[in-house]
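> Pasting a structure here, questions to come.
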Amino acid sequence: TLNGREASIKLGDIVPYILSSGGVGGQVQVQREEVGIKLEINPTVNTDGFITVKVEPEVSTIFEFIGPDNNIPRVKSRKSSTTIRVKDGESIIIGGLLSNDRKQTLYKVPILHKIPWFGEKIFTSKNLVERKTDLIIQITPRIVVDNYTGIMKTNRMRSFEKNLLGKSEDGTAKNSELGAVELENTSTYEGIWNDTSSLPEQIESDEE
């Protein structure tokens with residue numbers, strides 16, 4: 001992502017469920033619940049080279065179904081928020097997002113489980129599965145330098161412009177021709193320095 005821009009990642013499911021049915025024309029109202037993992041990151045590059053990262057992870061799961069018909073999902077959510085200052089390439093590890101999921105499965109033998117008195121006890125079985133998980137998130141921010149952003153003016157470059165291009169104290173070029181020199185196919189400072197073979201002749205002509 002760009003400097004100072006928020007990035008988000010969502011990994012999960014959208015669970016639809018019927019909230020109500022019937023009414024005029026037999027209309028059915030369906031709601032959707034989004035569950036899963038959501039991660040929001042907002043990095044800021046400081047002038048000293050460090051990176052300040054704001055991280056907000058969120059984990060949500062369906063714990064159980066409630067309601068008269070047991071069709072409304074009950075969502076359990078865990079969210080954390082932190083701001084960390086790290087160097088370029090250092091890793092950030094966030095843990096402690098514990099979850100305890102319980103899933104119950106009901107098995108029934110067709111027709112036989114409807115026998116009065118003993119059908120439900122003999123031909124019906126329940127299986128309860130409990131799972132504990134700990135989510136660990138690792139983030140490694142890196143600064144990506146664009147090689148085509150242009151030539152940065154270093155102190156050596158400013159000295160070159162002041163001495164050879166004849167800049168005045170107010171920063172304007174005394175020689176308009178020298179100030180309009182075009183630099184072609186030069187991607188580094190040394191390339192600019194070596195590409196000034198024609199400057200001495202122009203300087204001598206100015207002195208004359």
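Every chain in the structure tokens has a letter given in the order shown (A, B, ...), and although residue numbers restart at 1 in each chain, ligands are simply numbered from 1 in the order shown.
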Which residues come within 8 Å of segment 53-61 of chain A, counting only C-alpha atoms, excluding same-chain residues fewer than 5 positions away, as a short mmCIF file (atom, residue, chain, number, x, y, z; two decimals) with N, CA and C atoms, in the first residue's frame?


```cif
data_model
loop_
_atom_site.label_atom_id
_atom_site.label_comp_id
_atom_site.auth_asym_id
_atom_site.auth_seq_id
_atom_site.Cartn_x
_atom_site.Cartn_y
_atom_site.Cartn_z
N VAL A 35 -18.54 -13.39 8.53
CA VAL A 35 -17.64 -13.92 9.55
C VAL A 35 -16.31 -14.28 8.90
N GLY A 36 -15.27 -14.32 9.71
CA GLY A 36 -13.95 -14.69 9.20
C GLY A 36 -12.88 -13.81 9.82
N ILE A 37 -11.84 -13.57 9.04
CA ILE A 37 -10.68 -12.79 9.48
C ILE A 37 -10.63 -11.48 8.71
N LYS A 38 -10.45 -10.40 9.43
CA LYS A 38 -10.34 -9.08 8.83
C LYS A 38 -9.10 -8.39 9.40
N LEU A 39 -8.27 -7.86 8.51
CA LEU A 39 -7.03 -7.22 8.94
C LEU A 39 -6.91 -5.86 8.26
N GLU A 40 -6.73 -4.83 9.07
CA GLU A 40 -6.55 -3.46 8.57
C GLU A 40 -5.18 -2.96 8.98
N ILE A 41 -4.43 -2.42 8.01
CA ILE A 41 -3.07 -1.95 8.24
C ILE A 41 -2.94 -0.53 7.69
N ASN A 42 -2.32 0.34 8.47
CA ASN A 42 -2.07 1.72 8.03
C ASN A 42 -0.62 2.06 8.34
N PRO A 43 0.28 1.98 7.33
CA PRO A 43 1.69 2.28 7.57
C PRO A 43 2.03 3.74 7.26
N THR A 44 2.98 4.27 8.01
CA THR A 44 3.48 5.63 7.78
C THR A 44 5.00 5.61 7.87
N VAL A 75 -22.86 -14.52 16.68
CA VAL A 75 -21.48 -14.30 16.24
C VAL A 75 -20.62 -13.87 17.43
N LYS A 76 -19.47 -14.50 17.53
CA LYS A 76 -18.49 -14.13 18.56
C LYS A 76 -17.30 -13.47 17.87
N SER A 77 -16.95 -12.27 18.30
CA SER A 77 -15.92 -11.49 17.63
C SER A 77 -14.81 -11.14 18.61
N ARG A 78 -13.57 -11.15 18.10
CA ARG A 78 -12.40 -10.75 18.89
C ARG A 78 -11.60 -9.76 18.04
N LYS A 79 -11.28 -8.63 18.64
CA LYS A 79 -10.61 -7.56 17.92
C LYS A 79 -9.47 -6.99 18.75
N SER A 80 -8.40 -6.65 18.07
CA SER A 80 -7.23 -6.07 18.72
C SER A 80 -6.76 -4.87 17.91
N SER A 81 -6.18 -3.89 18.59
CA SER A 81 -5.68 -2.69 17.93
C SER A 81 -4.37 -2.28 18.58
N THR A 82 -3.36 -2.04 17.76
CA THR A 82 -2.05 -1.65 18.28
C THR A 82 -1.32 -0.80 17.26
N THR A 83 -0.40 0.02 17.74
CA THR A 83 0.46 0.85 16.89
C THR A 83 1.91 0.55 17.24
N ILE A 84 2.70 0.18 16.24
CA ILE A 84 4.07 -0.28 16.45
C ILE A 84 5.00 0.52 15.55
N ARG A 85 6.20 0.78 16.06
CA ARG A 85 7.23 1.49 15.29
C ARG A 85 8.40 0.53 15.08
N VAL A 86 8.67 0.20 13.82
CA VAL A 86 9.70 -0.79 13.50
C VAL A 86 10.61 -0.24 12.41
N LEU A 97 -5.26 -13.99 19.90
CA LEU A 97 -6.65 -14.00 19.43
C LEU A 97 -7.19 -15.43 19.56
N ASP A 101 -14.37 -22.91 19.51
CA ASP A 101 -15.52 -23.22 18.66
C ASP A 101 -16.12 -24.56 19.07
#
```

> Return as a Markdown table the residues of segment 32-122 of chain A lying at most 7 Å from segment 129-135 of chain A, together with the closest atom-to-atom pair for each and the distance in Å to one decimal, counting only C-alpha atoms, with rows in chain order and ascending residue number.


```
| residue | atom | partner | partner_atom | distance |
| --- | --- | --- | --- | --- |
| A:Gly95 | CA | A:Leu135 | CA | 6.1 |
| A:Gly96 | CA | A:Asp134 | CA | 6.4 |
| A:Leu97 | CA | A:Leu135 | CA | 5.3 |
| A:Leu98 | CA | A:Asp134 | CA | 4.5 |
| A:Ser99 | CA | A:Thr133 | CA | 5.3 |
| A:Asn100 | CA | A:Lys132 | CA | 4.5 |
| A:Asp101 | CA | A:Arg131 | CA | 5.1 |
| A:Arg102 | CA | A:Glu130 | CA | 4.4 |
| A:Lys103 | CA | A:Val129 | CA | 5.1 |
| A:Gln104 | CA | A:Val129 | CA | 6.2 |
```

> Can you tell me, as a list in words, what residues are no more than 12 Å from segment 105-120 of chain A when counting only C-alpha atoms, ignoring any on the same chain fewer than 5 positions away?

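That gives Glu64, Ser125, Lys126, Asn127, Leu128, Val129 and Glu130 of chain A.
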
> Just checking: using only C-alpha atoms, which residue out of A:Ile143, A:Leu19, A:Ile92, A:Val45 ends up closest to Asn70 of chain A?

A:Leu19

> Quick one: everything within 9 Å of Pro16 of chain A, counting only C-alpha atoms, minus sequence neighbours fewer than 6 positions away in the same chain. Send it as an mmCIF file with C-alpha atoms, in the first residue's frame.


```
data_model
loop_
_atom_site.group_PDB
_atom_site.id
_atom_site.type_symbol
_atom_site.label_atom_id
_atom_site.label_comp_id
_atom_site.auth_asym_id
_atom_site.auth_seq_id
_atom_site.Cartn_x
_atom_site.Cartn_y
_atom_site.Cartn_z
ATOM 1 C CA VAL A 30 -33.041 -12.839 4.399
ATOM 2 C CA GLN A 31 -30.159 -11.368 6.379
ATOM 3 C CA ARG A 32 -26.451 -11.962 5.885
ATOM 4 C CA GLU A 33 -23.748 -12.209 8.501
ATOM 5 C CA GLU A 34 -20.093 -11.835 7.546
#
```

> So which one's closest to Gln138 of chain A, A:Thr124, A:Asn46, A:Asn163, A:Ser91? Using only C-alpha atoms, please.

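That would be A:Ser91, the residue with the smallest distance to Gln138 of chain A.
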
> Would you compute the distance between atom CA of Asp48 of chain A and atom CA of Thr1 of chain A? Give it in Å to one decimal.

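Computing it gives 19.6 Å between the two atoms.
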
> Residues within 9 Å of Arg142 of chain A, please, as a PyMOL selection string. Count only C-alpha atoms; anything in the same chain fewer than 5 positions from it doesn't count.

chain A and resi 51+87-90

> Ranking A:Gly12, A:Phe65, A:Thr140, A:Pro73 by minimum distance to Ile93 of chain A and counting only C-alpha atoms, which one comes first?

A:Thr140

> Could you check which of A:Ile122, A:Ile72, A:Ile62, A:Val28 is closest to Asp13 of chain A, using only C-alpha atoms?

A:Ile62
